[in-house]
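Undergrad: Just so it is clear, I am handing over structure36.csv, which has CSV, C-alpha atoms.
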```csv
chain,number,residue,atom,x,y,z
A,54,MET,CA,0.0,0.0,0.0
A,55,GLY,CA,3.0,2.3,-0.1
A,56,ASN,CA,3.0,5.2,-2.4
A,57,CYS,CA,5.4,7.8,-3.8
A,58,LEU,CA,8.2,5.5,-4.7
A,59,LYS,CA,10.6,7.1,-7.0
A,60,ILE,CA,10.2,5.7,-10.4
A,61,ASN,CA,10.6,7.8,-13.5
A,62,SER,CA,7.6,7.3,-15.7
A,63,PRO,CA,5.9,10.6,-15.3
A,64,ASP,CA,3.2,10.6,-18.0
A,65,ASP,CA,-0.5,10.1,-17.5
A,66,ILE,CA,-0.7,6.6,-19.1
A,67,SER,CA,1.8,5.1,-16.7
A,68,LEU,CA,0.0,6.7,-13.8
A,69,LEU,CA,-3.2,4.9,-14.7
A,70,ARG,CA,-1.4,1.7,-15.3
A,71,GLY,CA,0.4,1.9,-12.0
A,72,SER,CA,-2.7,2.5,-10.1
A,73,GLU,CA,-4.3,-0.6,-11.7
A,74,SER,CA,-1.7,-3.0,-10.9
A,75,PHE,CA,1.1,-2.0,-8.6
A,76,SER,CA,1.2,0.4,-5.8
A,77,GLY,CA,4.3,2.4,-6.1
A,78,GLN,CA,5.2,2.5,-9.7
A,79,ASP,CA,4.7,6.1,-10.4
A,80,GLY,CA,6.3,9.0,-8.9
A,81,GLY,CA,7.4,12.2,-10.4
A,82,PRO,CA,6.9,15.7,-10.9
A,83,MET,CA,3.3,16.3,-9.9
A,84,PRO,CA,2.6,15.0,-6.4
A,85,VAL,CA,-0.9,16.4,-6.2
A,86,TYR,CA,-2.1,14.9,-9.3
A,87,GLN,CA,-0.6,11.7,-8.3
A,88,HIS,CA,-2.2,11.4,-4.9
A,89,GLU,CA,-5.7,11.6,-6.2
A,90,PRO,CA,-5.7,8.6,-8.4
A,91,MET,CA,-3.9,6.6,-5.7
A,92,THR,CA,-6.5,7.1,-3.1
A,93,GLN,CA,-9.4,6.7,-5.5
A,94,VAL,CA,-8.1,3.4,-6.7
A,95,PHE,CA,-7.1,2.0,-3.4
A,96,TYR,CA,-10.5,2.4,-1.8
A,97,PRO,CA,-12.2,0.4,-4.5
A,98,THR,CA,-9.7,-2.4,-4.4
A,99,SER,CA,-9.8,-2.8,-0.6
A,100,SER,CA,-13.5,-2.6,-0.1
A,101,SER,CA,-14.3,-3.4,-3.7
A,102,SER,CA,-16.3,-0.7,-5.5
A,103,PRO,CA,-18.2,1.1,-2.7
A,104,ASP,CA,-19.8,3.8,-4.7
A,105,ALA,CA,-20.3,2.1,-8.0
A,106,ALA,CA,-23.9,3.2,-8.0
A,107,ASP,CA,-24.9,-0.4,-8.3
A,108,ALA,CA,-27.2,-1.1,-5.4
A,109,GLY,CA,-28.1,-4.6,-6.4
A,110,ASN,CA,-24.4,-5.5,-6.5
A,111,ARG,CA,-23.8,-3.9,-3.1
A,112,ILE,CA,-26.6,-5.9,-1.4
A,113,SER,CA,-25.3,-9.2,-2.6
A,114,GLU,CA,-21.9,-8.1,-1.5
A,115,GLU,CA,-23.1,-7.4,2.0
A,116,GLU,CA,-24.7,-10.8,1.9
A,117,GLN,CA,-21.4,-12.3,0.9
A,118,ILE,CA,-19.7,-10.7,3.8
A,119,LYS,CA,-22.4,-11.9,6.1
A,120,ILE,CA,-22.0,-15.4,4.8
A,121,ALA,CA,-18.3,-15.2,5.1
A,122,LYS,CA,-18.7,-14.1,8.7
A,123,ARG,CA,-21.1,-16.9,9.4
A,124,ILE,CA,-18.8,-19.5,7.9
A,125,ALA,CA,-16.0,-18.2,10.2
A,126,LEU,CA,-18.4,-18.4,13.2
A,127,VAL,CA,-19.6,-21.9,12.3
A,128,GLN,CA,-16.0,-23.1,12.2
A,129,HIS,CA,-15.9,-22.5,16.0
A,130,LEU,CA,-18.5,-25.1,16.6
A,131,PRO,CA,-16.9,-28.4,17.7
A,132,ILE,CA,-16.7,-31.4,15.4
A,133,GLY,CA,-16.7,-34.9,16.9
A,134,THR,CA,-17.0,-38.4,15.6
A,135,TYR,CA,-20.2,-40.3,16.0
A,136,ASP,CA,-19.9,-43.1,18.6
A,137,GLY,CA,-22.6,-45.6,17.8
A,138,ASN,CA,-23.5,-46.3,21.4
A,139,SER,CA,-24.6,-42.8,22.3
A,140,LYS,CA,-28.2,-42.3,23.3
A,141,LYS,CA,-28.4,-39.3,21.1
A,142,ALA,CA,-30.1,-39.0,17.7
A,143,ARG,CA,-29.4,-41.9,15.4
A,144,GLU,CA,-30.0,-39.9,12.3
A,145,CYS,CA,-29.3,-36.5,11.0
A,146,VAL,CA,-32.6,-34.7,10.9
A,147,ILE,CA,-31.5,-32.6,8.0
A,148,CYS,CA,-30.8,-35.3,5.4
A,149,MET,CA,-32.7,-38.0,7.5
A,150,VAL,CA,-29.8,-40.4,6.9
A,151,GLU,CA,-28.5,-42.5,9.9
A,152,PHE,CA,-25.1,-41.6,11.3
A,153,CYS,CA,-22.4,-44.1,10.7
A,154,VAL,CA,-19.9,-44.9,13.5
A,155,ASP,CA,-16.9,-42.6,13.3
A,156,GLU,CA,-18.6,-40.2,11.0
A,157,ALA,CA,-17.8,-36.6,11.5
A,158,VAL,CA,-20.7,-34.7,13.2
A,159,ARG,CA,-20.9,-31.2,14.4
A,160,TYR,CA,-22.1,-30.4,17.9
A,161,LEU,CA,-24.3,-27.3,18.4
A,162,PRO,CA,-24.3,-25.6,21.8
A,163,CYS,CA,-27.7,-27.3,22.6
A,164,MET,CA,-25.9,-30.6,22.0
A,165,HIS,CA,-27.9,-31.6,18.9
A,166,ILE,CA,-25.7,-33.2,16.4
A,167,TYR,CA,-25.7,-33.2,12.6
A,168,HIS,CA,-23.6,-34.2,9.6
A,169,VAL,CA,-21.0,-31.4,9.2
A,170,HIS,CA,-21.9,-30.6,5.6
A,171,CYS,CA,-25.7,-30.7,6.4
A,172,ILE,CA,-25.6,-28.4,9.4
A,173,ASP,CA,-23.1,-26.0,7.8
A,174,ASP,CA,-25.4,-25.5,4.9
A,175,TRP,CA,-28.3,-24.8,7.2
A,176,LEU,CA,-26.3,-22.4,9.5
A,177,ILE,CA,-25.4,-20.3,6.6
A,178,ARG,CA,-29.1,-19.6,6.1
A,179,SER,CA,-30.2,-19.5,9.7
A,180,LEU,CA,-28.1,-19.4,12.9
A,181,THR,CA,-30.5,-21.6,14.8
A,182,CYS,CA,-30.6,-25.3,15.7
A,183,PRO,CA,-33.0,-26.9,13.2
A,184,SER,CA,-34.3,-29.2,16.0
A,185,CYS,CA,-34.9,-26.9,18.9
A,186,LEU,CA,-34.5,-23.5,17.3
A,187,GLU,CA,-32.0,-22.5,19.9
A,188,PRO,CA,-29.9,-19.6,18.6
A,189,VAL,CA,-26.4,-20.7,17.9
A,190,ASP,CA,-24.6,-17.3,17.8
A,191,ALA,CA,-25.6,-16.2,21.2
A,192,ALA,CA,-24.1,-19.3,22.8
A,193,LEU,CA,-21.0,-18.9,20.6
A,194,LEU,CA,-20.5,-15.3,21.6
A,195,THR,CA,-20.7,-16.1,25.3
A,196,SER,CA,-18.1,-18.8,24.9
A,197,TYR,CA,-15.9,-16.2,23.2
A,198,GLU,CA,-16.0,-14.0,26.3
A,199,THR,CA,-15.0,-16.8,28.7
A,200,THR,CA,-12.0,-17.9,26.7
B,179,MET,CA,-28.5,-30.4,-3.2
B,180,ALA,CA,-31.3,-31.5,-5.4
B,181,ASN,CA,-30.3,-35.1,-4.5
B,182,MET,CA,-30.8,-34.3,-0.8
B,183,ALA,CA,-34.2,-32.8,-1.5
B,184,VAL,CA,-35.3,-36.0,-3.4
B,185,SER,CA,-33.8,-38.5,-0.9
B,186,ARG,CA,-35.4,-36.6,2.0
B,187,ILE,CA,-38.8,-36.4,0.4
B,188,LYS,CA,-38.7,-40.1,-0.2
B,189,ARG,CA,-37.9,-40.8,3.4
B,190,GLU,CA,-40.5,-38.4,4.6
B,191,PHE,CA,-43.1,-39.9,2.3
B,192,LYS,CA,-42.5,-43.2,4.1
B,193,GLU,CA,-42.7,-41.5,7.4
B,194,VAL,CA,-46.0,-40.0,6.6
B,195,MET,CA,-47.3,-43.3,5.3
B,196,ARG,CA,-46.4,-45.0,8.6
B,197,SER,CA,-47.8,-42.2,10.8
B,198,GLU,CA,-50.8,-42.5,13.1
B,199,GLU,CA,-52.5,-39.7,11.4
B,200,ILE,CA,-52.7,-41.7,8.2
B,201,VAL,CA,-54.3,-44.5,10.0
B,202,GLN,CA,-56.8,-42.0,11.5
B,203,CYS,CA,-57.4,-40.6,8.0
B,204,SER,CA,-56.6,-37.1,9.3
B,205,ILE,CA,-53.8,-36.4,6.8
B,206,LYS,CA,-52.9,-37.9,3.5
B,207,ILE,CA,-50.2,-37.4,0.9
B,208,GLU,CA,-49.6,-38.6,-2.6
B,209,LEU,CA,-47.2,-38.1,-5.5
B,210,VAL,CA,-48.1,-35.9,-8.4
B,211,ASN,CA,-45.1,-36.7,-10.6
B,212,ASP,CA,-42.2,-39.1,-10.7
B,213,SER,CA,-39.5,-36.5,-9.9
B,214,TRP,CA,-40.7,-36.1,-6.3
B,215,THR,CA,-40.8,-32.3,-6.7
B,216,GLU,CA,-44.6,-31.9,-6.4
B,217,LEU,CA,-47.0,-33.7,-4.0
B,218,ARG,CA,-50.6,-33.4,-3.1
B,219,GLY,CA,-51.5,-33.3,0.5
B,220,GLU,CA,-54.9,-33.6,2.2
B,221,ILE,CA,-56.0,-32.7,5.7
B,222,ALA,CA,-59.2,-33.3,7.4
B,223,GLY,CA,-60.9,-30.3,9.0
B,224,PRO,CA,-60.4,-30.5,12.7
B,225,PRO,CA,-63.3,-31.4,15.0
B,226,ASP,CA,-65.3,-28.5,16.6
B,227,THR,CA,-64.3,-26.1,13.9
B,228,PRO,CA,-66.3,-24.8,11.0
B,229,TYR,CA,-64.1,-27.0,8.8
B,230,GLU,CA,-65.1,-30.3,10.5
B,231,GLY,CA,-66.1,-33.0,8.1
B,232,GLY,CA,-64.3,-31.4,5.2
B,233,LYS,CA,-61.3,-32.7,3.3
B,234,PHE,CA,-58.9,-30.0,2.1
B,235,VAL,CA,-56.5,-30.6,-0.7
B,236,LEU,CA,-53.1,-28.9,-0.7
B,237,GLU,CA,-50.5,-28.3,-3.5
B,238,ILE,CA,-47.0,-29.0,-2.2
B,239,LYS,CA,-44.0,-27.9,-4.2
B,240,VAL,CA,-40.6,-29.0,-3.0
B,241,PRO,CA,-37.8,-26.6,-3.9
B,242,GLU,CA,-34.4,-27.8,-5.0
B,243,THR,CA,-33.0,-26.4,-1.9
B,244,TYR,CA,-35.2,-28.4,0.4
B,245,PRO,CA,-34.9,-29.0,3.4
B,246,PHE,CA,-32.9,-25.7,3.7
B,247,ASN,CA,-35.9,-23.8,2.4
B,248,PRO,CA,-39.6,-24.6,3.2
B,249,PRO,CA,-41.9,-26.4,0.8
B,250,LYS,CA,-44.3,-24.1,-1.1
B,251,VAL,CA,-47.8,-25.0,0.0
B,252,ARG,CA,-51.2,-23.7,-1.0
B,253,PHE,CA,-54.8,-24.8,-0.6
B,254,ILE,CA,-56.3,-26.2,-3.8
B,255,THR,CA,-59.7,-26.6,-2.1
B,256,ARG,CA,-61.3,-23.3,-1.5
B,257,ILE,CA,-61.6,-22.3,2.1
B,258,TRP,CA,-62.9,-19.4,4.2
B,259,HIS,CA,-60.2,-18.7,6.8
B,260,PRO,CA,-58.4,-15.5,7.9
B,261,ASN,CA,-54.9,-16.8,7.2
B,262,ILE,CA,-55.7,-18.4,3.8
B,263,SER,CA,-56.5,-16.4,0.7
B,264,SER,CA,-60.1,-17.2,-0.4
B,265,VAL,CA,-59.0,-16.4,-4.0
B,266,THR,CA,-55.7,-18.1,-4.4
B,267,GLY,CA,-55.3,-20.5,-1.5
B,268,ALA,CA,-52.1,-18.8,-0.4
B,269,ILE,CA,-51.2,-19.5,3.2
B,270,CYS,CA,-49.8,-17.1,5.8
B,271,LEU,CA,-48.0,-19.3,8.3
B,272,ASP,CA,-44.7,-18.5,9.9
B,273,ILE,CA,-43.2,-21.9,9.5
B,274,LEU,CA,-43.7,-21.8,5.8
B,275,LYS,CA,-41.7,-18.6,5.7
B,276,ASP,CA,-39.1,-17.2,8.1
B,277,ASN,CA,-39.6,-19.7,10.9
B,278,TRP,CA,-39.0,-22.8,8.8
B,279,ALA,CA,-36.5,-25.2,10.3
B,280,ALA,CA,-34.8,-28.1,8.5
B,281,ALA,CA,-36.0,-30.6,11.0
B,282,MET,CA,-39.6,-29.9,10.0
B,283,THR,CA,-41.2,-32.4,7.7
B,284,LEU,CA,-44.1,-32.8,5.4
B,285,ARG,CA,-45.9,-34.4,8.2
B,286,THR,CA,-45.3,-31.6,10.6
B,287,VAL,CA,-46.3,-29.1,7.9
B,288,LEU,CA,-49.6,-30.8,7.4
B,289,LEU,CA,-50.3,-31.1,11.1
B,290,SER,CA,-49.4,-27.4,11.5
B,291,LEU,CA,-51.9,-26.5,8.8
B,292,GLN,CA,-54.5,-28.5,10.6
B,293,ALA,CA,-53.7,-26.7,13.7
B,294,LEU,CA,-54.0,-23.4,11.8
B,295,LEU,CA,-57.6,-24.3,10.8
B,296,ALA,CA,-58.4,-24.8,14.5
B,297,ALA,CA,-56.6,-21.6,15.6
B,298,ALA,CA,-56.8,-18.7,13.2
B,299,GLU,CA,-54.7,-15.7,13.7
B,300,PRO,CA,-56.9,-12.8,12.4
B,301,ASP,CA,-54.3,-10.2,13.4
B,302,ASP,CA,-51.8,-11.6,10.9
B,303,PRO,CA,-54.2,-12.2,8.0
B,304,GLN,CA,-53.7,-13.4,4.5
B,305,ASP,CA,-57.3,-12.5,3.5
B,306,ALA,CA,-58.2,-9.1,5.0
B,307,VAL,CA,-61.9,-9.5,4.2
B,308,VAL,CA,-62.2,-12.8,6.0
B,309,ALA,CA,-60.1,-11.6,8.9
B,310,TYR,CA,-62.4,-8.6,9.3
B,311,GLN,CA,-65.5,-10.8,9.3
B,312,PHE,CA,-63.8,-13.1,11.8
B,313,LYS,CA,-63.3,-10.2,14.2
B,314,ASP,CA,-66.3,-8.1,13.5
B,315,LYS,CA,-69.1,-10.6,12.7
B,316,HIS,CA,-67.9,-13.9,14.1
B,317,ASP,CA,-71.2,-15.7,13.8
B,318,LEU,CA,-71.4,-14.9,10.2
B,319,PHE,CA,-67.8,-16.0,9.8
B,320,VAL,CA,-68.5,-19.4,11.3
B,321,LEU,CA,-71.6,-19.7,9.0
B,322,THR,CA,-69.6,-18.8,5.9
B,323,ALA,CA,-66.7,-21.0,6.7
B,324,ARG,CA,-69.0,-23.9,7.3
B,325,HIS,CA,-70.9,-23.2,4.1
B,326,TRP,CA,-67.7,-23.1,2.1
B,327,THR,CA,-66.6,-26.4,3.8
B,328,ASN,CA,-69.9,-27.8,2.6
B,329,ALA,CA,-69.6,-26.4,-0.9
B,330,TYR,CA,-66.0,-27.2,-1.6
B,331,ALA,CA,-64.6,-29.7,0.9
B,332,GLY,CA,-67.6,-32.1,1.3
B,333,GLY,CA,-68.6,-30.8,4.7
B,334,PRO,CA,-72.0,-32.1,6.0
B,335,THR,CA,-73.9,-29.0,6.9
B,336,THR,CA,-76.0,-27.3,4.2
B,337,PHE,CA,-77.3,-23.8,4.5
B,338,PRO,CA,-80.5,-23.5,2.5
B,339,ASP,CA,-80.6,-19.7,3.0
B,340,CYS,CA,-77.1,-19.3,1.6
B,341,ASP,CA,-77.9,-21.6,-1.3
B,342,SER,CA,-81.1,-19.8,-2.2
B,343,LYS,CA,-79.2,-16.4,-2.2
B,344,ILE,CA,-76.6,-17.9,-4.4
B,345,GLN,CA,-79.3,-19.3,-6.7
B,346,ARG,CA,-80.8,-15.8,-7.0
B,347,LEU,CA,-77.5,-14.4,-8.2
B,348,LYS,CA,-77.0,-17.4,-10.5
B,349,ASP,CA,-80.4,-16.6,-12.1
B,350,MET,CA,-78.9,-13.2,-12.9
B,351,GLY,CA,-76.2,-14.9,-14.9
B,352,ILE,CA,-73.5,-14.9,-12.2
B,353,ASP,CA,-71.1,-17.8,-11.9
B,354,GLU,CA,-71.8,-19.9,-8.8
B,355,HIS,CA,-68.4,-19.4,-7.1
B,356,ASP,CA,-68.4,-15.6,-7.9
B,357,ALA,CA,-71.8,-15.4,-6.3
B,358,ARG,CA,-70.7,-17.2,-3.2
B,359,ALA,CA,-67.6,-15.1,-2.9
B,360,VAL,CA,-69.4,-11.8,-3.2
B,361,LEU,CA,-72.2,-12.8,-0.8
B,362,SER,CA,-69.6,-14.1,1.7
B,363,LYS,CA,-67.8,-10.8,1.5
B,364,GLU,CA,-71.0,-8.8,1.9
B,365,ASN,CA,-72.1,-10.8,4.9
B,366,TRP,CA,-74.8,-12.5,2.9
B,367,ASN,CA,-76.6,-9.3,2.2
B,368,LEU,CA,-78.2,-10.0,-1.2
B,369,GLU,CA,-78.8,-6.3,-1.9
B,370,LYS,CA,-75.3,-5.3,-1.3
B,371,ALA,CA,-73.9,-8.2,-3.2
B,372,THR,CA,-76.0,-7.4,-6.2
B,373,GLU,CA,-75.0,-3.8,-6.0
B,374,CYS,CA,-71.4,-4.8,-5.8
B,375,LEU,CA,-71.7,-7.1,-8.8
B,376,PHE,CA,-73.6,-4.7,-11.1
B,377,SER,CA,-72.3,-1.3,-10.2
```
Take the structure in the file and give it back as structure tokens.

TA:
Amino acid sequence: MGNCLKINSPDDISLLRGSESFSGQDGGPMPVYQHEPMTQVFYPTSSSSPDAADAGNRISEEEQIKIAKRIALVQHLPIGTYDGNSKKARECVICMVEFCVDEAVRYLPCMHIYHVHCIDDWLIRSLTCPSCLEPVDAALLTSYETT
Amino acid sequence: MANMAVSRIKREFKEVMRSEEIVQCSIKIELVNDSWTELRGEIAGPPDTPYEGGKFVLEIKVPETYPFNPPKVRFITRIWHPNISSVTGAICLDILKDNWAAAMTLRTVLLSLQALLAAAEPDDPQDAVVAYQFKDKHDLFVLTARHWTNAYAGGPTTFPDCDSKIQRLKDMGIDEHDARAVLSKENWNLEKATECLFS
């Protein structure tokens, strides 16, 4: 993210090119002129086109960020292996397929268990336990505080 | 994803078939096509409600993203109920929208709809006209709902007064269902219904 490195290609074309690809390719005689494109370009690339006047795009982008955050959150939920003799659910209520011994299952704070891929797909849509509707994020956040 | 939808529906289908409610003839389900994406449900009107004795048929469409998204359900049988459109059969029920959970099944959906028939929520209506009648003229609501149950769902109670008013409008060239709908909306006031139709 540096700027103002001394490289001698002071014409407008290289200025544009530099802002597209590398950070500090252009320097030269007109610092004021140079700063503007730099800042204008770097905002867009870091937060990807904020004022592109494209509302539809922005909503889906917000959603993408939300999903990314959720995926990160979900990764904190413990994964275990199914031990056939537990008294817990014998089948994953999402796909309705029985658990196999040693299969990876994810534990929710309410102790309901599901296939990892099944529950992850669900949690991306709704952060609640599909069986008891217990919110998952609240429990996760309190566990953050204690650790 | 689509595979999970189909395999789950197949399992659920078996579950419904084995359920007690099937034995009691209170709910029913059948396939519409071979791809398992559309089913037909049927629920019996709950006892001690205006829907008692009626059989209500439902269209159930299973989205590709099932069970992560709810099935799309609507009444095919016409019904007079605050949370169900008397025109399209569209249903206003939280579990079919935001409160859907992946652990719910076709069986629980049908049972929830049956429960909805027994406990309307007029403050969260799908059909404003019906909801208004439910709150404002409850006796007329019960009569109308029972009459619709008789006319469309095979319910036992006939209402000669309603039938004769409908006949009067039919004599004026109005389609039977349109006549029933307008009279229901106008609280069975023949004059107002006529005015509504011909003004």

Undergrad: Using only C-alpha atoms, pick whichever of B:Glu208, B:Glu198, B:Asp276, B:Glu237 has the shortest atom-to-atom distance to chain A.

TA: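 Result for the nearest residue to chain A: B:Asp276.
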
Undergrad: Write down, as a list in words, each residue of chain B that has any atom within 8 Å of an atom of chain A, counting all atoms listed in the file.

TA: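 Filtering chain B at 8 Å from chain A with all atoms listed in the file gives Met182, Ser185, Arg186, Arg189, Pro245, Phe246, Ala279, Ala280, Ala281 and Met282 of chain B.
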
Undergrad: With distances taken over all atoms listed in the file, which residue among A:Arg143, A:Ala121, A:His168, A:Leu126 lies nearest A:Ala191?

TA: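 Between A:Arg143, A:Ala121, A:His168, A:Leu126, the residue approaching A:Ala191 most closely is A:Leu126.
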
Undergrad: Using Å and a single decimal, report how far atom CA of B:Leu274 sits from atom CA of B:Pro225.

TA: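 These atoms are spaced 23.7 Å apart.
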
Undergrad: Within 10 Å of B:Lys363, counting all atoms listed in the file, which residues show up once you throw out same-chain ones fewer than 6 positions away? Write them as a VMD selection string, please.

TA: chain B and resid 307 to 308 310 to 311 319 322 357 370 to 371

Undergrad: I'd like the interatomic distance between atom CA of B:Leu271 and atom CA of B:Gln304, to a tenth of an Å.

TA: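 The value is 9.0 Å.
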
Undergrad: What gap, in Å, lies between atom CA of B:Ala359 and atom CA of B:Asp339?

TA: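 Answer for the atom CA of B:Ala359 to atom CA of B:Asp339 separation: 15.0 Å.
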
Undergrad: Which is closer to B:Leu236 than all the others in B:Ala323, B:Val265, B:Ser197, B:Leu288, using all atoms listed in the file?

TA: B:Leu288

Undergrad: Check the smallest atom-to-atom distance from each of B:Val235, B:Cys203, B:Met350, B:Ala306 to B:Ile257 using only C-alpha atoms, then report the winner.

TA: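 Nearest candidate to B:Ile257 out of B:Val235, B:Cys203, B:Met350, B:Ala306: B:Val235.
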
Undergrad: Ranking B:Val184, B:Ala222, B:Cys374, B:Leu361 by minimum distance to B:Gln202 and counting all atoms listed in the file, which one comes first?

TA: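 Comparing B:Val184, B:Ala222, B:Cys374, B:Leu361 against B:Gln202, the winner is B:Ala222.
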
Undergrad: Hey, what's within 9 Å of B:Val194 if we count only C-alpha atoms and toss same-chain stuff fewer than 5 positions away? As a list in words, please?

TA: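 Counting only the stated atoms, we get Arg189, Glu199, Ile200, Ile205, Lys206, Ile207, Leu284 and Arg285 of chain B.
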
Undergrad: Take the residues just selected and output them with C-alpha atoms as a PDB file, keeping the file's coordinate frame.

TA:
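The resulting out.pdb:
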```pdb
ATOM      1  CA  ARG B 189     -37.900 -40.800   3.400  1.00  0.00           C
ATOM      2  CA  GLU B 199     -52.500 -39.700  11.400  1.00  0.00           C
ATOM      3  CA  ILE B 200     -52.700 -41.700   8.200  1.00  0.00           C
ATOM      4  CA  ILE B 205     -53.800 -36.400   6.800  1.00  0.00           C
ATOM      5  CA  LYS B 206     -52.900 -37.900   3.500  1.00  0.00           C
ATOM      6  CA  ILE B 207     -50.200 -37.400   0.900  1.00  0.00           C
ATOM      7  CA  LEU B 284     -44.100 -32.800   5.400  1.00  0.00           C
ATOM      8  CA  ARG B 285     -45.900 -34.400   8.200  1.00  0.00           C
TER       9      ARG B 285
END
```

Undergrad: Could you check the closest approach to A:Glu156 for each of A:Ile124, A:Glu115, A:Ile132, A:Asp190 and tell me which residue wins, using only C-alpha atoms?

TA: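 Closest to A:Glu156, using only C-alpha atoms: A:Ile132.
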